[in-house]
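**Student:** There's a structure below that I have some questions on.
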Amino acid sequence: MSAHLCSSDHFDLIVSIWDELQTGSPYFSRDAVLRSPECMNLGGSLNALRSCLILENVRSLMARYPNDFKEMFEPAVDLLMQSRFEFCHEPTAWVAQSQWAMITSPVKGYRYQSCEHSGWDSSLASRVCTEIEQMILHRISMLTDREEAAWSNYKRPVQHTGPVRLSALLN
């Protein structure tokens, strides 16, 4: 595997998704997560949770690239951790519209970029990713319309009839 430093927007999106999914969920763990020692050490807020996600991503980079971390990633990490990059709620409408694939993709991407170190499985960030997946599965299991329970929607493309001009494809 590889490890890559996720963007500030990516961290905001994961926290926003987790926070939005908490509403109406039997997995409601907002207080437990925000009051966890990892989160409390950073302030016990959504911004602190965002910082926890960043730190797990950084631990993965340090484990994967121990000789190059300081040169390759430290300036970007310092910038991400500055107070001017505080959590910015990114309402997605994905939860309300049941666009589950749109939610799981950034979570899977974050997990892939952050799981390279030995402490990942017991980390708060891993727990948040797992909770997001559990909350999505719970919502899908509660749907009565099985069509809505699909992870993604697919419509067969309309088959084009007639000649195709190369210039039309290039525009």
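The chains in the structure tokens are called A, B, ... from first to last as shown; in each chain the residues are counted from 1, and the ligands are counted from 1 in the order shown.
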Can you tell me, as a list in words, what residues are no more than 7 Å from range 105-119 of chain A when counting only C-alpha atoms, ignoring any on the same chain fewer than 3 positions away?

**Tutor:** Ser2, Ala3, His4, Ile14, Glu56, Asn57, Arg59, Ser60, Ala63, Arg64, Ala101, Met102, Ser122, Ser123 and Cys129 of chain A

**Student:** Run DSSP on the backbone and give me the residues of range 7-164 of chain A it puts in alpha helix (DSSP H), as a PyMOL selection string.

**Tutor:** chain A and resi 8-22+30-34+37-40+46-64+69-72+74-81+100-114+124-142

**Student:** Mind writing the picked residues with C-alpha atoms as a PDB file, in the first residue's frame?

**Tutor:**
```
ATOM      1  CA  SER A   8      -8.024  19.813   4.244  1.00  0.00           C
ATOM      2  CA  ASP A   9     -11.353  19.482   2.417  1.00  0.00           C
ATOM      3  CA  HIS A  10     -11.153  15.685   2.666  1.00  0.00           C
ATOM      4  CA  PHE A  11     -10.810  15.829   6.457  1.00  0.00           C
ATOM      5  CA  ASP A  12     -13.720  18.283   6.668  1.00  0.00           C
ATOM      6  CA  LEU A  13     -15.842  16.008   4.511  1.00  0.00           C
ATOM      7  CA  ILE A  14     -15.228  12.908   6.667  1.00  0.00           C
ATOM      8  CA  VAL A  15     -16.136  14.793   9.854  1.00  0.00           C
ATOM      9  CA  SER A  16     -19.207  16.320   8.168  1.00  0.00           C
ATOM     10  CA  ILE A  17     -20.416  12.925   6.949  1.00  0.00           C
ATOM     11  CA  TRP A  18     -19.928  11.387  10.389  1.00  0.00           C
ATOM     12  CA  ASP A  19     -21.750  14.278  12.055  1.00  0.00           C
ATOM     13  CA  GLU A  20     -24.677  14.212   9.581  1.00  0.00           C
ATOM     14  CA  LEU A  21     -25.119  10.448   9.900  1.00  0.00           C
ATOM     15  CA  GLN A  22     -25.362  10.730  13.696  1.00  0.00           C
ATOM     16  CA  ARG A  30     -21.177  11.764  19.182  1.00  0.00           C
ATOM     17  CA  ASP A  31     -20.461  12.340  22.873  1.00  0.00           C
ATOM     18  CA  ALA A  32     -18.438   9.147  23.227  1.00  0.00           C
ATOM     19  CA  VAL A  33     -16.223  10.072  20.289  1.00  0.00           C
ATOM     20  CA  LEU A  34     -15.814  13.752  21.152  1.00  0.00           C
ATOM     21  CA  PRO A  37      -9.106  10.751  25.319  1.00  0.00           C
ATOM     22  CA  GLU A  38      -7.724  11.200  21.784  1.00  0.00           C
ATOM     23  CA  CYS A  39     -10.281  13.869  20.969  1.00  0.00           C
ATOM     24  CA  MET A  40     -10.326  15.531  24.408  1.00  0.00           C
ATOM     25  CA  LEU A  46     -15.530  18.540  15.735  1.00  0.00           C
ATOM     26  CA  ASN A  47     -12.349  20.487  15.031  1.00  0.00           C
ATOM     27  CA  ALA A  48     -10.521  18.171  17.451  1.00  0.00           C
ATOM     28  CA  LEU A  49     -11.944  15.142  15.629  1.00  0.00           C
ATOM     29  CA  ARG A  50     -10.657  16.619  12.370  1.00  0.00           C
ATOM     30  CA  SER A  51      -7.221  16.977  13.991  1.00  0.00           C
ATOM     31  CA  CYS A  52      -7.380  13.326  15.096  1.00  0.00           C
ATOM     32  CA  LEU A  53      -8.022  12.311  11.486  1.00  0.00           C
ATOM     33  CA  ILE A  54      -5.068  14.401  10.322  1.00  0.00           C
ATOM     34  CA  LEU A  55      -2.776  12.880  12.949  1.00  0.00           C
ATOM     35  CA  GLU A  56      -3.720   9.319  11.942  1.00  0.00           C
ATOM     36  CA  ASN A  57      -3.009  10.179   8.324  1.00  0.00           C
ATOM     37  CA  VAL A  58       0.358  11.629   9.414  1.00  0.00           C
ATOM     38  CA  ARG A  59       1.210   8.500  11.442  1.00  0.00           C
ATOM     39  CA  SER A  60       0.579   6.454   8.329  1.00  0.00           C
ATOM     40  CA  LEU A  61       2.906   8.685   6.295  1.00  0.00           C
ATOM     41  CA  MET A  62       5.591   8.442   8.963  1.00  0.00           C
ATOM     42  CA  ALA A  63       5.333   4.648   9.030  1.00  0.00           C
ATOM     43  CA  ARG A  64       5.356   4.334   5.265  1.00  0.00           C
ATOM     44  CA  PHE A  69       8.661  12.221   5.987  1.00  0.00           C
ATOM     45  CA  LYS A  70      10.312  15.377   7.294  1.00  0.00           C
ATOM     46  CA  GLU A  71      11.314  16.609   3.854  1.00  0.00           C
ATOM     47  CA  MET A  72       8.228  15.503   1.919  1.00  0.00           C
ATOM     48  CA  GLU A  74       6.174  18.080   7.380  1.00  0.00           C
ATOM     49  CA  PRO A  75       5.534  21.555   5.856  1.00  0.00           C
ATOM     50  CA  ALA A  76       2.098  20.498   4.589  1.00  0.00           C
ATOM     51  CA  VAL A  77       1.197  18.896   7.924  1.00  0.00           C
ATOM     52  CA  ASP A  78       2.240  22.045   9.808  1.00  0.00           C
ATOM     53  CA  LEU A  79      -0.005  24.083   7.514  1.00  0.00           C
ATOM     54  CA  LEU A  80      -2.971  21.728   8.011  1.00  0.00           C
ATOM     55  CA  MET A  81      -2.649  21.875  11.795  1.00  0.00           C
ATOM     56  CA  TRP A 100     -24.355   5.972  -0.205  1.00  0.00           C
ATOM     57  CA  ALA A 101     -21.577   5.464  -2.760  1.00  0.00           C
ATOM     58  CA  MET A 102     -20.780   9.172  -2.635  1.00  0.00           C
ATOM     59  CA  ILE A 103     -20.351   8.832   1.135  1.00  0.00           C
ATOM     60  CA  THR A 104     -18.336   5.630   1.205  1.00  0.00           C
ATOM     61  CA  SER A 105     -15.798   6.693  -1.437  1.00  0.00           C
ATOM     62  CA  PRO A 106     -14.083   9.454   0.584  1.00  0.00           C
ATOM     63  CA  VAL A 107     -14.190   7.264   3.697  1.00  0.00           C
ATOM     64  CA  LYS A 108     -12.534   4.365   1.870  1.00  0.00           C
ATOM     65  CA  GLY A 109      -9.979   6.755   0.415  1.00  0.00           C
ATOM     66  CA  TYR A 110      -9.153   8.173   3.836  1.00  0.00           C
ATOM     67  CA  ARG A 111      -8.885   4.703   5.373  1.00  0.00           C
ATOM     68  CA  TYR A 112      -6.539   3.582   2.572  1.00  0.00           C
ATOM     69  CA  GLN A 113      -4.267   6.596   3.091  1.00  0.00           C
ATOM     70  CA  SER A 114      -4.221   6.335   6.895  1.00  0.00           C
ATOM     71  CA  LEU A 124     -10.356   6.896  16.932  1.00  0.00           C
ATOM     72  CA  ALA A 125     -10.088   7.590  13.200  1.00  0.00           C
ATOM     73  CA  SER A 126     -10.565   3.896  12.416  1.00  0.00           C
ATOM     74  CA  ARG A 127     -13.571   3.848  14.753  1.00  0.00           C
ATOM     75  CA  VAL A 128     -15.114   6.865  12.981  1.00  0.00           C
ATOM     76  CA  CYS A 129     -14.686   5.197   9.568  1.00  0.00           C
ATOM     77  CA  THR A 130     -16.254   1.983  10.882  1.00  0.00           C
ATOM     78  CA  GLU A 131     -19.135   3.909  12.451  1.00  0.00           C
ATOM     79  CA  ILE A 132     -19.852   5.668   9.159  1.00  0.00           C
ATOM     80  CA  GLU A 133     -20.036   2.296   7.409  1.00  0.00           C
ATOM     81  CA  GLN A 134     -22.276   0.878  10.162  1.00  0.00           C
ATOM     82  CA  MET A 135     -24.607   3.877  10.049  1.00  0.00           C
ATOM     83  CA  ILE A 136     -24.933   3.575   6.272  1.00  0.00           C
ATOM     84  CA  LEU A 137     -25.670  -0.150   6.468  1.00  0.00           C
ATOM     85  CA  HIS A 138     -28.257   0.483   9.173  1.00  0.00           C
ATOM     86  CA  ARG A 139     -30.025   3.092   7.039  1.00  0.00           C
ATOM     87  CA  ILE A 140     -30.000   0.791   4.028  1.00  0.00           C
ATOM     88  CA  SER A 141     -31.400  -2.089   6.082  1.00  0.00           C
ATOM     89  CA  MET A 142     -34.283   0.132   7.225  1.00  0.00           C
TER      90      MET A 142
END
```

**Student:** Quick check, in Å to one decimal: how far apart do CA of Pro66 in chain A and CA of Ser7 in chain A lie?

**Tutor:** 20.5 Å

**Student:** Could you check how far CA of Phe87 in chain A sits from CA of Asn41 in chain A, in Å to one decimal?

**Tutor:**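 Straight-line distance from CA of Phe87 in chain A to CA of Asn41 in chain A works out to 16.3 Å.
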